[in-house]
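For reference, run.txt is printed below; it contains compact mmCIF, C-alpha atoms and all ligand atoms.
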# COMPACT_ATOMS: atom_id res chain seq x y z
CA MET F 259 19.18 136.35 -69.04
CA LYS F 260 17.79 133.78 -71.46
CA ASN F 261 14.86 134.56 -73.75
CA ILE F 262 12.44 131.66 -73.67
CA VAL F 263 9.79 130.52 -76.14
CA ILE F 264 7.32 127.89 -74.93
CA LEU F 265 5.43 125.75 -77.44
CA GLY F 266 2.55 124.16 -75.50
CA SER F 267 2.54 126.80 -72.75
CA THR F 268 -0.98 125.93 -71.53
CA GLY F 269 -0.09 122.29 -70.82
CA SER F 270 1.49 120.54 -67.88
CA ILE F 271 5.13 121.02 -69.05
CA GLY F 272 4.28 124.57 -70.13
CA ALA F 273 2.93 125.38 -66.65
CA SER F 274 5.98 123.89 -64.92
CA THR F 275 8.28 125.91 -67.21
CA LEU F 276 6.40 129.13 -66.44
CA ASP F 277 6.63 128.32 -62.73
CA ILE F 278 10.43 128.19 -63.08
CA VAL F 279 10.45 131.47 -65.02
CA SER F 280 8.31 133.17 -62.36
CA LYS F 281 10.68 132.02 -59.59
CA PHE F 282 13.86 133.06 -61.43
CA PRO F 283 12.99 136.26 -63.31
CA GLU F 284 16.62 137.37 -63.33
CA ASP F 285 17.56 134.25 -65.35
CA PHE F 286 14.66 133.82 -67.77
CA ARG F 287 12.32 136.05 -69.76
CA VAL F 288 9.37 134.80 -71.81
CA VAL F 289 9.32 136.22 -75.34
CA GLY F 290 6.94 133.83 -77.09
CA LEU F 291 4.14 131.45 -76.15
CA ALA F 292 2.12 129.04 -78.26
CA ALA F 293 -0.69 126.58 -77.61
CA GLY F 294 -3.65 124.87 -79.22
CA SER F 295 -6.98 126.41 -78.33
CA LYS F 296 -7.09 127.51 -74.69
CA ALA F 297 -7.54 131.25 -75.22
CA SER F 298 -8.36 132.23 -71.64
CA GLU F 299 -5.33 130.35 -70.20
CA LEU F 300 -3.09 132.03 -72.76
CA ALA F 301 -4.65 135.43 -71.99
CA GLU F 302 -3.75 134.97 -68.33
CA GLN F 303 -0.18 133.95 -69.27
CA ILE F 304 0.11 137.07 -71.45
CA ARG F 305 -0.97 139.19 -68.48
CA LEU F 306 1.58 137.56 -66.16
CA PHE F 307 4.59 137.07 -68.46
CA ARG F 308 4.20 139.78 -71.14
CA PRO F 309 5.49 137.84 -74.18
CA GLU F 310 5.99 139.80 -77.39
CA VAL F 311 4.38 137.23 -79.70
CA VAL F 312 1.91 134.38 -79.09
CA ALA F 313 0.13 131.88 -81.31
CA LEU F 314 -2.82 129.52 -81.08
CA SER F 315 -3.24 126.75 -83.62
CA SER F 316 -7.00 127.29 -83.65
CA PRO F 317 -7.88 130.45 -85.65
CA GLN F 318 -11.21 130.66 -83.82
CA ALA F 319 -9.44 130.62 -80.43
CA ALA F 320 -6.94 133.22 -81.69
CA LYS F 321 -9.89 135.46 -82.58
CA THR F 322 -11.31 135.02 -79.07
CA LEU F 323 -7.88 135.79 -77.60
CA ARG F 324 -7.67 139.06 -79.58
CA THR F 325 -10.95 140.26 -78.07
CA MET F 326 -9.79 139.21 -74.57
CA ILE F 327 -6.45 140.97 -74.86
CA GLY F 328 -7.70 144.33 -76.15
CA ASN F 329 -4.85 146.76 -76.70
CA ARG F 330 -2.07 144.95 -74.81
CA PRO F 331 1.21 145.11 -76.77
CA VAL F 332 1.35 141.50 -77.97
CA LYS F 333 1.24 140.10 -81.49
CA ILE F 334 -1.27 137.25 -81.82
CA LEU F 335 -0.67 134.71 -84.58
CA GLU F 336 -2.66 131.64 -85.54
CA GLY F 337 -2.49 128.26 -87.24
CA GLU F 338 0.54 126.11 -87.95
CA GLU F 339 2.31 129.06 -89.59
CA GLY F 340 1.80 131.12 -86.45
CA LEU F 341 3.24 128.34 -84.26
CA CYS F 342 6.29 128.06 -86.54
CA ALA F 343 6.77 131.85 -86.46
CA VAL F 344 6.77 131.85 -82.64
CA ALA F 345 9.19 128.88 -82.64
CA SER F 346 11.64 130.81 -84.81
CA LEU F 347 11.32 134.27 -83.20
CA SER F 348 14.58 136.15 -83.71
CA GLN F 349 14.67 137.23 -80.04
CA GLY F 350 14.27 133.64 -78.72
CA ASP F 351 17.34 131.85 -77.31
CA LEU F 352 15.74 128.62 -76.11
CA VAL F 353 12.59 126.90 -77.34
CA ILE F 354 10.77 124.61 -74.93
CA SER F 355 9.05 122.09 -77.19
CA ALA F 356 6.05 120.90 -75.15
CA ILE F 357 3.13 120.55 -77.53
CA VAL F 358 1.53 117.11 -77.24
CA GLY F 359 1.67 114.72 -80.20
CA GLY F 360 2.69 115.00 -83.83
CA ALA F 361 1.31 118.56 -83.95
CA GLY F 362 4.64 119.63 -82.49
CA LEU F 363 6.75 118.32 -85.38
CA LYS F 364 6.64 121.33 -87.72
CA PRO F 365 7.07 124.00 -85.00
CA THR F 366 9.97 122.07 -83.42
CA LEU F 367 11.63 121.69 -86.82
CA ALA F 368 11.07 125.41 -87.42
CA ALA F 369 12.93 126.15 -84.16
CA ILE F 370 15.81 123.90 -85.24
CA LYS F 371 16.00 125.50 -88.69
CA ALA F 372 16.07 128.93 -87.03
CA ARG F 373 19.12 127.73 -85.02
CA LYS F 374 17.39 127.88 -81.63
CA THR F 375 18.53 125.66 -78.80
CA VAL F 376 15.69 123.20 -78.19
CA ALA F 377 14.60 121.67 -74.89
CA LEU F 378 12.49 118.71 -75.95
CA ALA F 379 9.54 117.36 -73.97
CA ASN F 380 7.40 116.67 -77.04
CA LYS F 381 8.69 113.16 -77.78
CA GLU F 382 6.28 112.28 -80.59
CA PRO F 383 8.15 114.28 -83.30
CA MET F 384 11.36 112.46 -82.36
CA VAL F 385 9.48 109.15 -82.73
CA MET F 386 8.02 110.14 -86.10
CA ALA F 387 11.06 111.83 -87.58
CA GLY F 388 14.08 111.21 -85.34
CA GLN F 389 16.57 110.89 -88.15
CA LEU F 390 15.36 114.03 -89.92
CA MET F 391 15.33 116.04 -86.69
CA GLN F 392 18.86 115.00 -85.80
CA GLU F 393 20.10 115.69 -89.34
CA GLU F 394 18.56 119.16 -89.25
CA ALA F 395 19.96 119.82 -85.77
CA HIS F 396 23.40 118.75 -86.98
CA LYS F 397 23.13 120.86 -90.13
CA HIS F 398 22.13 123.98 -88.19
CA GLY F 399 24.47 123.42 -85.23
CA VAL F 400 21.56 123.07 -82.79
CA THR F 401 21.67 121.30 -79.43
CA ILE F 402 18.57 119.38 -78.40
CA PHE F 403 18.41 119.00 -74.61
CA PRO F 404 16.07 116.32 -73.25
CA ILE F 405 13.29 117.27 -70.85
CA ASP F 406 11.72 113.84 -70.43
CA SER F 407 12.93 112.84 -66.95
CA GLU F 408 14.35 109.52 -68.20
CA HIS F 409 16.34 111.13 -71.01
CA SER F 410 17.51 113.92 -68.76
CA ALA F 411 18.71 111.24 -66.33
CA ILE F 412 20.58 109.45 -69.11
CA PHE F 413 22.02 112.73 -70.37
CA GLN F 414 23.22 113.57 -66.84
CA SER F 415 24.59 110.05 -66.31
CA MET F 416 26.55 110.27 -69.57
CA GLU F 417 28.21 113.58 -68.75
CA GLY F 418 31.99 113.26 -68.61
CA HIS F 419 31.95 109.70 -69.99
CA ARG F 420 32.87 108.25 -73.35
CA LYS F 421 29.90 107.06 -75.38
CA SER F 422 31.94 104.10 -76.60
CA ASP F 423 32.18 102.88 -72.97
CA ILE F 424 28.38 102.53 -72.64
CA ARG F 425 27.13 98.96 -72.35
CA ARG F 426 23.43 99.87 -72.11
CA VAL F 427 21.01 102.47 -70.89
CA VAL F 428 18.12 101.48 -68.64
CA LEU F 429 14.93 103.52 -68.79
CA THR F 430 12.83 103.28 -65.66
CA ALA F 431 9.04 103.09 -65.87
CA SER F 432 6.57 103.48 -63.04
CA GLY F 433 4.41 100.81 -64.69
CA GLY F 434 1.33 103.04 -64.46
CA PRO F 435 -1.81 102.33 -62.45
CA PHE F 436 -2.49 98.84 -63.86
CA TRP F 437 0.85 97.07 -63.80
CA ASP F 438 -0.25 94.61 -61.07
CA TRP F 439 -3.81 94.16 -62.33
CA GLU F 440 -4.98 90.82 -63.70
CA GLN F 441 -5.14 90.77 -67.50
CA SER F 442 -8.90 90.10 -67.35
CA ALA F 443 -9.50 93.23 -65.26
CA LEU F 444 -7.92 95.41 -67.96
CA THR F 445 -10.99 94.86 -70.16
CA HIS F 446 -12.97 97.17 -67.93
CA VAL F 447 -10.47 99.99 -67.46
CA THR F 448 -12.14 103.41 -67.77
CA PRO F 449 -10.50 106.66 -68.93
CA GLU F 450 -10.90 108.01 -65.38
CA GLN F 451 -8.84 105.09 -64.02
CA ALA F 452 -6.20 105.44 -66.74
CA LEU F 453 -5.86 109.14 -65.97
CA LYS F 454 -4.81 108.46 -62.35
CA HIS F 455 -1.03 108.17 -62.57
CA PRO F 456 0.56 106.90 -59.35
CA ASN F 457 3.56 109.31 -59.33
CA TRP F 458 3.35 112.06 -61.98
CA LYS F 459 0.77 114.75 -62.77
CA MET F 460 0.76 115.12 -66.56
CA GLY F 461 -1.47 115.76 -69.56
CA ALA F 462 -4.16 113.23 -70.54
CA LYS F 463 -2.35 111.71 -73.53
CA ILE F 464 0.96 110.96 -71.79
CA THR F 465 -0.88 109.71 -68.69
CA THR F 466 -2.83 107.25 -70.83
CA ASP F 467 0.39 106.28 -72.65
CA SER F 468 1.96 105.58 -69.25
CA SER F 469 -0.91 103.27 -68.35
CA THR F 470 -0.44 101.20 -71.55
CA LEU F 471 3.40 101.38 -71.35
CA MET F 472 3.36 103.06 -74.78
CA ASN F 473 4.98 106.07 -73.15
CA LYS F 474 8.00 103.89 -72.38
CA GLY F 475 7.94 102.53 -75.92
CA LEU F 476 7.97 106.07 -77.33
CA GLU F 477 10.81 106.88 -74.94
CA VAL F 478 12.85 103.91 -76.19
CA ILE F 479 12.59 105.33 -79.72
CA GLU F 480 13.31 108.84 -78.44
CA ALA F 481 16.43 107.51 -76.66
CA LYS F 482 17.64 105.85 -79.85
CA TRP F 483 17.63 109.20 -81.68
CA LEU F 484 18.68 111.48 -78.82
CA PHE F 485 21.69 109.37 -77.85
CA ASP F 486 22.36 107.55 -81.14
CA LEU F 487 22.11 104.10 -79.54
CA PRO F 488 21.05 100.78 -81.11
CA PRO F 489 17.78 99.33 -79.72
CA ALA F 490 19.67 96.37 -78.18
CA GLN F 491 21.40 98.84 -75.84
CA ILE F 492 18.14 100.39 -74.60
CA GLU F 493 16.33 98.47 -71.87
CA VAL F 494 13.32 99.15 -69.69
CA VAL F 495 12.78 98.24 -66.05
CA ILE F 496 9.65 98.80 -63.99
CA HIS F 497 10.54 100.90 -60.96
CA ARG F 498 7.37 101.68 -59.03
CA GLU F 499 8.71 104.50 -56.89
CA SER F 500 9.92 106.76 -59.78
CA ILE F 501 12.93 107.82 -57.71
CA ILE F 502 15.62 106.55 -60.10
CA HIS F 503 14.82 108.37 -63.32
CA SER F 504 17.07 106.18 -65.49
CA MET F 505 20.63 104.88 -65.58
CA VAL F 506 23.62 104.16 -67.77
CA GLU F 507 25.74 101.04 -67.43
CA TYR F 508 29.36 101.20 -68.56
CA CYS F 509 31.73 98.51 -69.85
CA ASP F 510 33.48 98.20 -66.45
CA GLY F 511 30.18 97.31 -64.74
CA SER F 512 29.64 100.76 -63.21
CA VAL F 513 26.04 101.92 -63.30
CA ILE F 514 25.43 105.66 -63.00
CA ALA F 515 21.89 106.71 -62.20
CA GLN F 516 20.12 109.99 -61.56
CA LEU F 517 17.71 110.09 -58.62
CA GLY F 518 15.28 112.63 -57.29
CA HIS F 519 11.68 113.31 -56.35
CA PRO F 520 9.36 112.93 -59.33
CA ASP F 521 9.06 116.63 -60.21
CA MET F 522 9.35 117.70 -63.85
CA ARG F 523 10.75 121.07 -62.81
CA THR F 524 14.10 119.35 -62.15
CA PRO F 525 14.72 118.11 -65.73
CA ILE F 526 13.05 121.18 -67.26
CA SER F 527 15.27 123.58 -65.30
CA TYR F 528 18.36 121.51 -66.11
CA ALA F 529 17.62 121.87 -69.82
CA MET F 530 16.89 125.58 -69.34
CA LYS F 531 20.11 126.49 -67.56
CA TYR F 532 22.57 123.80 -68.64
CA PRO F 533 25.33 123.35 -67.54
CA GLU F 534 24.31 125.24 -64.40
CA ARG F 535 21.64 124.01 -62.02
CA VAL F 536 18.68 126.05 -60.85
CA PRO F 537 18.26 126.24 -57.03
CA LEU F 538 14.70 124.85 -56.98
CA SER F 539 15.13 123.76 -53.34
CA PRO F 540 12.71 120.80 -53.35
CA PRO F 541 12.42 118.71 -50.17
CA VAL F 542 15.56 116.60 -49.60
CA LEU F 543 15.41 113.06 -50.95
CA ASP F 544 14.80 111.21 -47.71
CA LEU F 545 15.95 107.67 -48.50
CA TRP F 546 15.22 106.52 -44.93
CA LYS F 547 11.59 107.44 -45.45
CA ILE F 548 11.45 105.93 -48.96
CA GLY F 549 12.87 102.72 -47.46
CA GLN F 550 13.11 100.56 -50.55
CA LEU F 551 13.36 100.85 -54.29
CA THR F 552 11.81 98.01 -56.29
CA PHE F 553 12.43 96.75 -59.83
CA TYR F 554 10.49 94.38 -62.08
CA GLN F 555 10.59 93.12 -65.64
CA PRO F 556 7.96 94.73 -67.89
CA ASP F 557 5.17 92.34 -68.88
CA THR F 558 4.85 92.87 -72.63
CA GLY F 559 2.17 90.15 -72.81
CA LYS F 560 -0.12 92.25 -70.64
CA PHE F 561 1.15 95.57 -72.04
CA PRO F 562 1.90 94.91 -75.74
CA CYS F 563 2.47 98.59 -76.58
CA LEU F 564 6.06 98.46 -75.33
CA GLN F 565 6.84 95.51 -77.62
CA LEU F 566 5.07 97.26 -80.52
CA ALA F 567 7.43 100.20 -80.08
CA TYR F 568 10.49 97.92 -80.15
CA ASP F 569 8.99 96.27 -83.28
CA ALA F 570 8.52 99.68 -84.91
CA LEU F 571 12.11 100.60 -84.14
CA ALA F 572 13.33 97.31 -85.63
CA GLY F 573 11.08 97.80 -88.70
CA GLY F 574 12.51 101.27 -89.37
CA ASP F 575 11.23 103.37 -92.30
CA GLY F 576 7.74 104.66 -91.49
CA TYR F 577 6.97 102.13 -88.74
CA PRO F 578 7.66 104.50 -85.82
CA ALA F 579 5.56 107.25 -87.45
CA THR F 580 2.80 104.69 -88.05
CA LEU F 581 2.98 103.49 -84.44
CA ASN F 582 2.82 107.06 -83.16
CA ALA F 583 -0.10 108.15 -85.35
CA ALA F 584 -2.14 105.00 -84.63
CA ASN F 585 -1.49 105.45 -80.92
CA GLU F 586 -2.66 109.08 -80.99
CA ILE F 587 -5.90 108.04 -82.73
CA ALA F 588 -6.50 105.06 -80.43
CA VAL F 589 -5.75 106.97 -77.21
CA GLN F 590 -8.11 109.80 -78.16
CA ALA F 591 -10.82 107.27 -79.05
CA PHE F 592 -10.33 105.56 -75.68
CA LEU F 593 -10.51 108.89 -73.82
CA ASP F 594 -13.69 109.67 -75.79
CA ASN F 595 -15.17 106.35 -74.65
CA GLN F 596 -15.32 105.03 -78.23
CA ILE F 597 -13.08 102.00 -77.67
CA ARG F 598 -11.90 99.87 -74.77
CA PHE F 599 -8.50 100.07 -73.11
CA LEU F 600 -7.39 96.76 -74.62
CA ASP F 601 -8.36 97.94 -78.12
CA ILE F 602 -5.52 100.49 -78.03
CA PRO F 603 -2.69 98.01 -78.78
CA LYS F 604 -4.92 96.08 -81.20
CA ILE F 605 -5.56 99.16 -83.34
CA ILE F 606 -1.87 100.06 -83.34
CA ALA F 607 -0.86 96.51 -84.31
CA GLU F 608 -3.46 96.38 -87.10
CA THR F 609 -2.29 99.72 -88.46
CA MET F 610 1.34 98.60 -88.35
CA ASP F 611 0.39 95.37 -90.15
CA ALA F 612 -1.29 97.40 -92.89
CA TYR F 613 1.79 99.59 -93.43
CA ARG F 614 3.86 98.79 -96.52
CA PRO F 615 7.39 99.99 -95.78
CA SER F 616 9.21 102.40 -98.02
CA PRO F 617 12.27 104.50 -97.15
CA LEU F 618 11.44 107.95 -95.76
CA SER F 619 13.70 110.94 -96.03
CA SER F 620 11.71 114.14 -96.39
CA LEU F 621 9.30 115.83 -94.01
CA GLU F 622 6.59 115.54 -96.69
CA GLU F 623 7.01 111.75 -96.84
CA ILE F 624 6.84 111.48 -93.05
CA LEU F 625 3.70 113.63 -92.92
CA GLU F 626 2.15 111.51 -95.67
CA ILE F 627 2.71 108.31 -93.65
CA ASP F 628 1.42 110.07 -90.52
CA GLN F 629 -1.77 111.03 -92.36
CA TRP F 630 -2.15 107.56 -93.88
CA ALA F 631 -1.72 105.91 -90.45
CA ARG F 632 -4.28 108.23 -88.85
CA THR F 633 -6.85 107.43 -91.55
CA THR F 634 -6.11 103.71 -91.35
CA ALA F 635 -6.26 103.60 -87.54
CA THR F 636 -9.55 105.51 -87.63
CA ARG F 637 -10.96 102.83 -89.95
CA PHE F 638 -9.90 100.16 -87.44
CA LEU F 639 -11.77 101.99 -84.67
CA LYS F 640 -15.12 101.19 -86.20
CA PRO F 641 -15.38 97.44 -85.53
CA CYS F 642 -14.13 98.02 -81.97
CA ALA F 643 -16.62 100.84 -81.44
CA SER F 644 -19.54 98.68 -82.53
CA SER F 645 -18.63 96.01 -79.94
CA PHE F 646 -18.34 98.61 -77.17
CA VAL F 647 -21.01 98.56 -74.48
N1 LIG P 1 3.63 116.26 -68.48
C1 LIG P 1 4.77 115.69 -68.22
O1 LIG P 1 5.15 115.55 -67.06
C2 LIG P 1 5.66 115.21 -69.34
C3 LIG P 1 6.84 114.55 -69.04
C4 LIG P 1 7.69 114.17 -70.07
C5 LIG P 1 7.34 114.41 -71.37
N2 LIG P 1 6.17 115.03 -71.65
C6 LIG P 1 5.81 115.27 -73.06
O2 LIG P 1 5.57 116.66 -73.24
C7 LIG P 1 4.52 116.86 -74.19
C8 LIG P 1 3.44 117.70 -73.53
O3 LIG P 1 2.89 116.95 -72.46
P1 LIG P 1 1.90 117.62 -71.40
O4 LIG P 1 1.68 116.60 -70.35
O5 LIG P 1 2.40 118.97 -71.01
O6 LIG P 1 0.58 117.76 -72.29
P2 LIG P 1 -0.72 118.63 -72.00
O7 LIG P 1 -0.79 119.02 -70.58
O8 LIG P 1 -1.86 117.90 -72.61
O9 LIG P 1 -0.43 119.97 -72.85
C9 LIG P 1 -0.33 119.92 -74.24
C10 LIG P 1 -0.01 121.28 -74.79
O10 LIG P 1 0.01 121.15 -76.23
C11 LIG P 1 -0.89 122.11 -76.78
N3 LIG P 1 -1.46 121.58 -78.02
C12 LIG P 1 -2.24 120.48 -78.16
N4 LIG P 1 -2.56 120.32 -79.47
C13 LIG P 1 -1.96 121.34 -80.12
C14 LIG P 1 -1.93 121.75 -81.49
N5 LIG P 1 -2.58 121.07 -82.45
N6 LIG P 1 -1.23 122.85 -81.80
C15 LIG P 1 -0.59 123.56 -80.85
N7 LIG P 1 -0.58 123.23 -79.55
C16 LIG P 1 -1.27 122.14 -79.20
C17 LIG P 1 -1.95 122.33 -75.73
O11 LIG P 1 -2.63 123.55 -75.98
P3 LIG P 1 -4.17 123.77 -75.48
O12 LIG P 1 -4.11 123.52 -74.01
O13 LIG P 1 -4.44 125.18 -75.82
O14 LIG P 1 -5.00 122.79 -76.20
C18 LIG P 1 -1.07 122.34 -74.47
O15 LIG P 1 -0.45 123.59 -74.35
C19 LIG P 1 4.07 115.47 -74.62
O16 LIG P 1 4.71 115.11 -75.81
C20 LIG P 1 4.54 114.57 -73.49
O17 LIG P 1 4.80 113.25 -73.92
C21 LIG P 1 5.33 115.44 -70.68
Show me, as structure tokens, the structure contained in the file I just sent.
Ligand SMILES: NC(=O)c1ccc[n+]([C@@H]2O[C@H](COP(=O)([O-])OP(=O)(O)OC[C@H]3O[C@@H](n4cnc5c(N)ncnc54)[C@H](OP(=O)(O)O)[C@@H]3O)[C@@H](O)[C@H]2O)c1
Amino acid sequence: MKNIVILGSTGSIGASTLDIVSKFPEDFRVVGLAAGSKASELAEQIRLFRPEVVALSSPQAAKTLRTMIGNRPVKILEGEEGLCAVASLSQGDLVISAIVGGAGLKPTLAAIKARKTVALANKEPMVMAGQLMQEEAHKHGVTIFPIDSEHSAIFQSMEGHRKSDIRRVVLTASGGPFWDWEQSALTHVTPEQALKHPNWKMGAKITTDSSTLMNKGLEVIEAKWLFDLPPAQIEVVIHRESIIHSMVEYCDGSVIAQLGHPDMRTPISYAMKYPERVPLSPPVLDLWKIGQLTFYQPDTGKFPCLQLAYDALAGGDGYPATLNAANEIAVQAFLDNQIRFLDIPKIIAETMDAYRPSPLSSLEEILEIDQWARTTATRFLKPCASSFV
């Protein structure tokens, strides 16, 4: 029996994790849950899963939750401190890190410092602070298992092989809903269109990132830190069907890939029960029915976010944190109808241009750059917003 803590329990990854727990109660028990502000969703999860401690980052929502819960035996914490306390609960064995965005950095680091095994979906902290996270994991003897389907596929394809034999890893990308649209048509993309992912059902931020290819860019940076690979060994291929989740090519020309239906419960459960597999019993992968698998080169002219991520990785220092923060600001502004779809990469590029590199080592320095980039990107929103009709 593994005691599970879920950071971001009210989100898409959180819901899939709880679905696995509910189907395999003899293997997993929920001891802690944390989220942002959805008090009623968390109240329902408390009723169903009976965690000992929960936290909401919004103090107001935590107050609402307390009135909803009445005298149930659960401790309700709030704010960033509350999230970090849930992440480091003494009774937790495995922390599922599934908050969206940079907000997950401190709680995920708290889990690592408390020597919890981490299953990482929340890629943004790895983008912002990959070196620091890996150093802390090393220092505290913590394993970070990937949940992102691409990184889980790479992890699985690397099992039993020597890292020195790897020639490259290839991350697959669905290409999102607009990959075959004309450049001119992208001007008029609406948030509703961007939120319709062809293959995966996910939260709004990652779905938008998939439509700009920034999600793949963030994943390239995540792969660098998770697998300690140079950027030149990390490639991206558009694979519309999302059946091959990623692959590893070795020095003898062998390519090992992991395939499956696009269902996040597969990589989540693999991280939860490693090295065993959970009998999820999805439909068999019917390759006759699928018929063909297609591959294309990403168009970084039409989708500059992927190139911006490679540039940030090459720039080092605070460039990845700057890229991530500017992207979070721009995506939210797009979803709020303040800017156009094509303004997203422009704002990120302008923010990266404004960044003056300096070496980063501490969490405080990373958070300072994150804050600076958010303020700067917000300033760049204004001219775009005024031209928005
Ligand atoms: N969804 C997928 O299939 C998928 C696949 C691979 C990787 N990922 C990664 O996993 C992460 C989560 O994605 P998702 O799709 O599950 O997102 P989501 O559905 O939007 O859920 C986000 C979760 O984060 C919580 N949250 C947001 N802001 C917070 C804050 N300031 N403090 C504490 N909690 C906060 C939300 O709580 P409230 O609901 O209470 O606001 C919610 O529980 C992302 O980093 C994403 O890139 C997701």
Among listed residues F:Thr609, F:Thr470, F:Ser422, F:Gln303, nearest F:Pro578 (using all atoms listed in the file):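 Counting all atoms listed in the file, the residue closest to F:Pro578 is F:Thr609.
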Produce a table with one row for each residue of stretch 402-449 of chain F that has an atom at most 8 Å from any atom of stretch 454-464 of chain F, each row naming the nearest atom pair and its distance in Å at one decimal; use all atoms listed in the file; arrange rows by chain and rising residue number; format as JSON lines.
{"residue": "F:Ser432", "atom": "CA", "partner": "F:Asn457", "partner_atom": "CA", "distance": 7.5}
{"residue": "F:Gly434", "atom": "CA", "partner": "F:His455", "partner_atom": "CA", "distance": 6.0}
{"residue": "F:Pro435", "atom": "CA", "partner": "F:His455", "partner_atom": "CA", "distance": 5.9}
Do you know which residues are at most 6 Å from F:Gln516 counting all atoms listed in the file, after dropping those on the same chain fewer than 3 positions away, and could you put them as a compact mmCIF listing (two decimals) with C-alpha atoms, in the frame of the given file?
# COMPACT_ATOMS: atom_id res chain seq x y z
CA ALA F 411 18.71 111.24 -66.33
CA ILE F 502 15.62 106.55 -60.10
CA HIS F 503 14.82 108.37 -63.32
Listing only residues of chain F within 6 Å of ligand LIG 1 (chain P), what is the closest atom pair and its distance in Å (to one decimal) for each, using all atoms listed in the file, sorted by chain and residue number ascending, as CSV?
residue,atom,partner,partner_atom,distance
F:Gly266,CA,P:LIG1,O15,3.3
F:Ser267,CA,P:LIG1,O15,4.7
F:Thr268,CA,P:LIG1,O15,3.7
F:Gly269,CA,P:LIG1,O9,3.1
F:Ser270,CA,P:LIG1,O5,3.6
F:Ile271,CA,P:LIG1,O5,3.9
F:Gly272,CA,P:LIG1,O5,6.0
F:Ala293,CA,P:LIG1,N7,3.9
F:Gly294,CA,P:LIG1,N7,3.5
F:Ser295,CA,P:LIG1,O13,3.8
F:Lys296,CA,P:LIG1,O13,3.7
F:Ser315,CA,P:LIG1,N6,4.8
F:Ala356,CA,P:LIG1,C7,4.4
F:Ile357,CA,P:LIG1,O10,3.4
F:Val358,CA,P:LIG1,C19,4.0
F:Gly359,CA,P:LIG1,O16,5.4
F:Ala361,CA,P:LIG1,N5,4.9
F:Ala379,CA,P:LIG1,O2,4.1
F:Asn380,CA,P:LIG1,O16,3.3
F:Lys381,CA,P:LIG1,O16,4.9
F:Glu382,CA,P:LIG1,O16,5.8
F:Asp406,CA,P:LIG1,C4,4.1
F:Met460,CA,P:LIG1,N1,3.6
F:Gly461,CA,P:LIG1,O4,3.4
F:Ala462,CA,P:LIG1,O8,5.6
F:Ile464,CA,P:LIG1,O17,5.0
F:Met522,CA,P:LIG1,O1,5.7
Long-range neighbours of F:Val288 as a VMD selection string, 8 Å cut-off, all atoms listed in the file, 6 positions minimum in chain: chain F and resid 261 to 264 279 307 to 309
Those same residues, written as a short mmCIF file (atom, residue, chain, number, x, y, z; two decimals), in the coordinates of the input with C-alpha atoms?
data_model
loop_
_atom_site.label_atom_id
_atom_site.label_comp_id
_atom_site.auth_asym_id
_atom_site.auth_seq_id
_atom_site.Cartn_x
_atom_site.Cartn_y
_atom_site.Cartn_z
CA ASN F 261 14.86 134.56 -73.75
CA ILE F 262 12.44 131.66 -73.67
CA VAL F 263 9.79 130.52 -76.14
CA ILE F 264 7.32 127.89 -74.93
CA VAL F 279 10.45 131.47 -65.02
CA PHE F 307 4.59 137.07 -68.46
CA ARG F 308 4.20 139.78 -71.14
CA PRO F 309 5.49 137.84 -74.18
#
For F:Ser469, which residue among F:Ala515, F:Ile602, F:Leu551, F:Leu291 is the nearest when counting all atoms listed in the file? F:Ile602
F:Val428 surroundings by all atoms listed in the file, 12 Å radius, close-in-sequence under 3 positions cut, as a ChimeraX atom specification: /F:408-409,411-412,415,424-425,431,474,477-478,481,487,489-497,502-508,513-516,553,555
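Omitting stretch 533-548 of chain F and its sequence neighbours fewer than 4 positions away, and counting all atoms listed in the file, the residues within 10 Å are F:Ile278, F:Lys281, F:Phe282, F:Asp285, F:Glu499, F:Ile501, F:Leu517, F:Gly518, F:His519, F:Asp521, F:Arg523, F:Thr524, F:Pro525, F:Ile526, F:Ser527, F:Tyr528, F:Ala529.
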Between F:Lys560, F:Arg637, F:Arg632, F:Arg324, which one has atoms that come closest to F:Ser442, using all atoms listed in the file? F:Lys560
Between atom CA of F:Met530 and atom CA of F:Ala301, what is the distance, to one decimal in Å?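 Between these atoms lies a distance of 23.8 Å.
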Hey, which of F:Cys563, F:Ile479, F:Ile606, F:Ala313 ends up closest to F:Thr580? Count all atoms listed in the file. F:Ile606
Nearest residue to F:Glu394 out of F:Leu621, F:Val344, F:Ala452, F:Met326, using only C-alpha atoms?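 Of F:Leu621, F:Val344, F:Ala452, F:Met326, the one nearest F:Glu394 is F:Leu621, counting only C-alpha atoms.
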